[in-house]
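All remarks here apply to the structure that follows.
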Amino acid sequence: MENLGKVIDQIRLNRNITIESLCDGIISHSTYSRFVNGKTTVASDSFIKLVSRLHMTLAMFLQDYQGFFKLKHDYAILNYAKNNRDIAIIEELITTYSDKKSTNKWKVFDERFLKVAKVLHYKLNNKRNRKNISSEIEKIFTSIKIFSDNDYIAFRLILDYLSIDEAEAIISPQLECLNIEKVMTQIESIYYVAGNMYLKALIEDRNDLASYYYSIVANQKLDQMDLSWKLKHNKYTNIHLYFTGDKLEATEELEKLREFYVDLNLELEAKELTRISHELGIQLKDKGNIL
């Protein structure tokens with residue numbers, strides 16, 4: 001079964017309900033955190049009480065439950081299309097969501113997805129100038145009071161098309177409204193956004209912001225069984241080492257990481273690591289087609 005806790009928490013955030021208000025008298029804060037992160041389940045009567053406290057019937061929740069994971073899947077497809085510059089897939093998604101717009105199933109999350117897909121389509125087709133694109137992106141995100149997991153994914157998808165200051169204007173208010181050291185939900189989303197912002201700040205020579213975002217990355221520990229997190233953590237740690245410690249050791253470790261990506265047939269990750277290293281002035285050994 002999919003992670004019901006994730007959906008509960010997404011609805012809670014979008015309705016601006018605190019964890020304390022939601023859980024009071026039903027389950028503990030720690031149980032809720034484990035539920036959201038897929039570490040445990042809750043009793044059926046407790047689950048129904050949580051849904052009710054979200055001002056929803058069980059039928060309403062199940063409708064949102066289905067939509068949440070469909071949207072998450074479509075964001076994953078959109079990310080694949082961006083990385084592979086597959087305009088046809090993006091156009092297909094735009095058509096699907098445009099057709100959905102005239103139905104009673106249309107929601108604000110669907111509208112946001114459609115706008116993000118259109119931004120990617122413009123960029124991959126080299127349409128619109130940067131100023132218009134950044135203005136469009138600002139409109140998408142500045143109206144969101146509290147980001148859901150899918151909003152963090154959307155932000156990462158179009159982060160490349162913003163300057164570090166433009167990105168800061170969008171993401172900083174989201175992080176400021178959280179106590180990052182104590183927040184028990186959305187840890188994964190915060191980690192990956194902070195990592196992307198760390199690299200972007202380094203590339204744009206904003207060492208002050210780079211230090212801030214690296215501190216978030218260094219303090220967020222995800223599931224030790226999560227290979228994706230381990231590989232990302234390896235990358236961020238050794239890039240940080242390159243600029244603060246032993247450049248030779250850091251370069252060797254990054255080369256090993258790239259080889260590991262290749263061994264796992266993660267060519268896109270290998271190419272991305274090569275690209276970022278080049279932009280940062282880290283000279284990895286030439287590997288031919290890994291550009």
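Chain labels follow the order of the structure tokens: the first chain is A, the next B, and so on; residue numbering restarts at 1 in every chain, and ligands are counted from 1 in their shown order.
Using only C-alpha atoms, the contacts of range 204-206 of chain A at a cut-off of 10 Å, with sequence neighbours closer than 4 positions omitted, comprise A:Ser163, A:Ile164, A:Asp165, A:Tyr198, A:Leu199, A:Lys200, A:Ala210, A:Ser211, A:Glu279, A:Leu280.
Non-sequential neighbours of Thr251 in chain A (distance at most 8 Å, separation of 5 or more positions within a chain, only C-alpha atoms) are Asn238, Tyr242, Ile282, Gln283 and Leu284 of chain A.
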Nearest to Tyr191 in chain A among A:Thr57, A:Thr244, A:Ser228, A:Ser44, with distances taken over only C-alpha atoms: which residue is it?
->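 Answer, going by the shortest atom-to-atom distance: A:Ser228.
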Range 116-127 of chain A: which residues within 7 Å, counting only C-alpha atoms, same-chain residues fewer than 5 positions away excluded, as a list of chain:residue names?
-> A:Arg85, A:Ile87, A:Ile90, A:Ile94, A:Ile133, A:Ala154
Residue with smallest distance to Glu269 in chain A - pool A:Asn37, A:Asn83, A:Ser135, A:Ser28, counting only C-alpha atoms | A:Asn83
Quick one: residues within 9 Å of Ser148 in chain A, only C-alpha atoms counted, chain neighbours fewer than 3 positions away excluded, as a PyMOL selection string?
-> chain A and resi 9-11+13-14+151-153+186+189
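Reported to one decimal place, the separation of CA of Met56 in chain A from CA of Asp24 in chain A is 17.1 Å.
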Pick from A:Lys235, A:Pro173, A:Lys100, A:Phe243: nearest to Lys145 in chain A, with only C-alpha atoms counted?
-> A:Pro173
Show which residues sit within 12 Å of Glu252 in chain A, as a PyMOL selection string. Count only C-alpha atoms, and ignore same-chain residues fewer than 2 positions away.
-> chain A and resi 234-235+238-239+241-242+246-250+254-259+282-285
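Taking CA of Met225 in chain A and CA of Asn150 in chain A as endpoints, the distance between them is 22.7 Å.
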Please run DSSP on the backbone and report, as a ChimeraX atom specification, all residues within range 127-291 of chain A that come out as alpha helix (DSSP H).
-> /A:130-141,149-158,164-176,187-203,207-219,227-244,247-263,267-280
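With CA of Ile216 in chain A on one side and CA of Ala194 in chain A on the other, the separation reads 6.5 Å.
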Near-Thr142 in chain A list (12 Å; only C-alpha atoms; drop same-chain fewer than 6 positions) as a list in words = Arg112, Ser134, Ser135, Glu136, Asp151, Phe155, Glu166, Ala167, Glu168, Ala169, Ile170, Ile171, Ser172, Pro173 and Gln174 of chain A
Any chance you can output those residues with N, CA and C atoms as a PDB file, in the first residue's frame?
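This went into selection.pdb:
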ATOM      1  N   ARG A 112      -0.857  23.850 -11.158  1.00  0.00           N
ATOM      2  CA  ARG A 112       0.559  24.118 -10.910  1.00  0.00           C
ATOM      3  C   ARG A 112       1.428  23.193 -11.766  1.00  0.00           C
ATOM      4  N   SER A 134      11.556  33.561 -15.708  1.00  0.00           N
ATOM      5  CA  SER A 134      11.687  33.717 -14.254  1.00  0.00           C
ATOM      6  C   SER A 134      10.447  34.379 -13.669  1.00  0.00           C
ATOM      7  N   SER A 135       9.833  35.291 -14.433  1.00  0.00           N
ATOM      8  CA  SER A 135       8.594  35.924 -13.975  1.00  0.00           C
ATOM      9  C   SER A 135       7.468  34.901 -13.885  1.00  0.00           C
ATOM     10  N   GLU A 136       7.410  33.995 -14.866  1.00  0.00           N
ATOM     11  CA  GLU A 136       6.399  32.946 -14.866  1.00  0.00           C
ATOM     12  C   GLU A 136       6.598  31.997 -13.690  1.00  0.00           C
ATOM     13  N   ASP A 151       5.389  20.245  -4.418  1.00  0.00           N
ATOM     14  CA  ASP A 151       5.846  21.606  -4.712  1.00  0.00           C
ATOM     15  C   ASP A 151       7.373  21.688  -4.659  1.00  0.00           C
ATOM     16  N   PHE A 155       9.749  22.764  -7.742  1.00  0.00           N
ATOM     17  CA  PHE A 155      10.768  23.804  -7.599  1.00  0.00           C
ATOM     18  C   PHE A 155      12.120  23.307  -8.106  1.00  0.00           C
ATOM     19  N   GLU A 166      16.837  34.805  -7.288  1.00  0.00           N
ATOM     20  CA  GLU A 166      15.439  34.518  -7.610  1.00  0.00           C
ATOM     21  C   GLU A 166      14.975  33.255  -6.900  1.00  0.00           C
ATOM     22  N   ALA A 167      15.834  32.240  -6.871  1.00  0.00           N
ATOM     23  CA  ALA A 167      15.498  30.993  -6.187  1.00  0.00           C
ATOM     24  C   ALA A 167      15.347  31.219  -4.685  1.00  0.00           C
ATOM     25  N   GLU A 168      16.251  32.029  -4.131  1.00  0.00           N
ATOM     26  CA  GLU A 168      16.199  32.362  -2.702  1.00  0.00           C
ATOM     27  C   GLU A 168      14.880  33.028  -2.335  1.00  0.00           C
ATOM     28  N   ALA A 169      14.410  33.928  -3.192  1.00  0.00           N
ATOM     29  CA  ALA A 169      13.176  34.657  -2.912  1.00  0.00           C
ATOM     30  C   ALA A 169      11.985  33.706  -2.798  1.00  0.00           C
ATOM     31  N   ILE A 170      12.068  32.580  -3.495  1.00  0.00           N
ATOM     32  CA  ILE A 170      10.980  31.604  -3.456  1.00  0.00           C
ATOM     33  C   ILE A 170      11.139  30.632  -2.294  1.00  0.00           C
ATOM     34  N   ILE A 171      12.329  30.068  -2.122  1.00  0.00           N
ATOM     35  CA  ILE A 171      12.490  28.965  -1.177  1.00  0.00           C
ATOM     36  C   ILE A 171      12.775  29.424   0.247  1.00  0.00           C
ATOM     37  N   SER A 172      13.416  30.570   0.398  1.00  0.00           N
ATOM     38  CA  SER A 172      13.775  31.032   1.738  1.00  0.00           C
ATOM     39  C   SER A 172      12.571  31.181   2.668  1.00  0.00           C
ATOM     40  N   PRO A 173      11.448  31.792   2.222  1.00  0.00           N
ATOM     41  CA  PRO A 173      10.284  31.886   3.112  1.00  0.00           C
ATOM     42  C   PRO A 173       9.753  30.528   3.543  1.00  0.00           C
ATOM     43  N   GLN A 174       9.875  29.515   2.654  1.00  0.00           N
ATOM     44  CA  GLN A 174       9.411  28.176   3.005  1.00  0.00           C
ATOM     45  C   GLN A 174      10.257  27.576   4.127  1.00  0.00           C
TER      46      GLN A 174
END
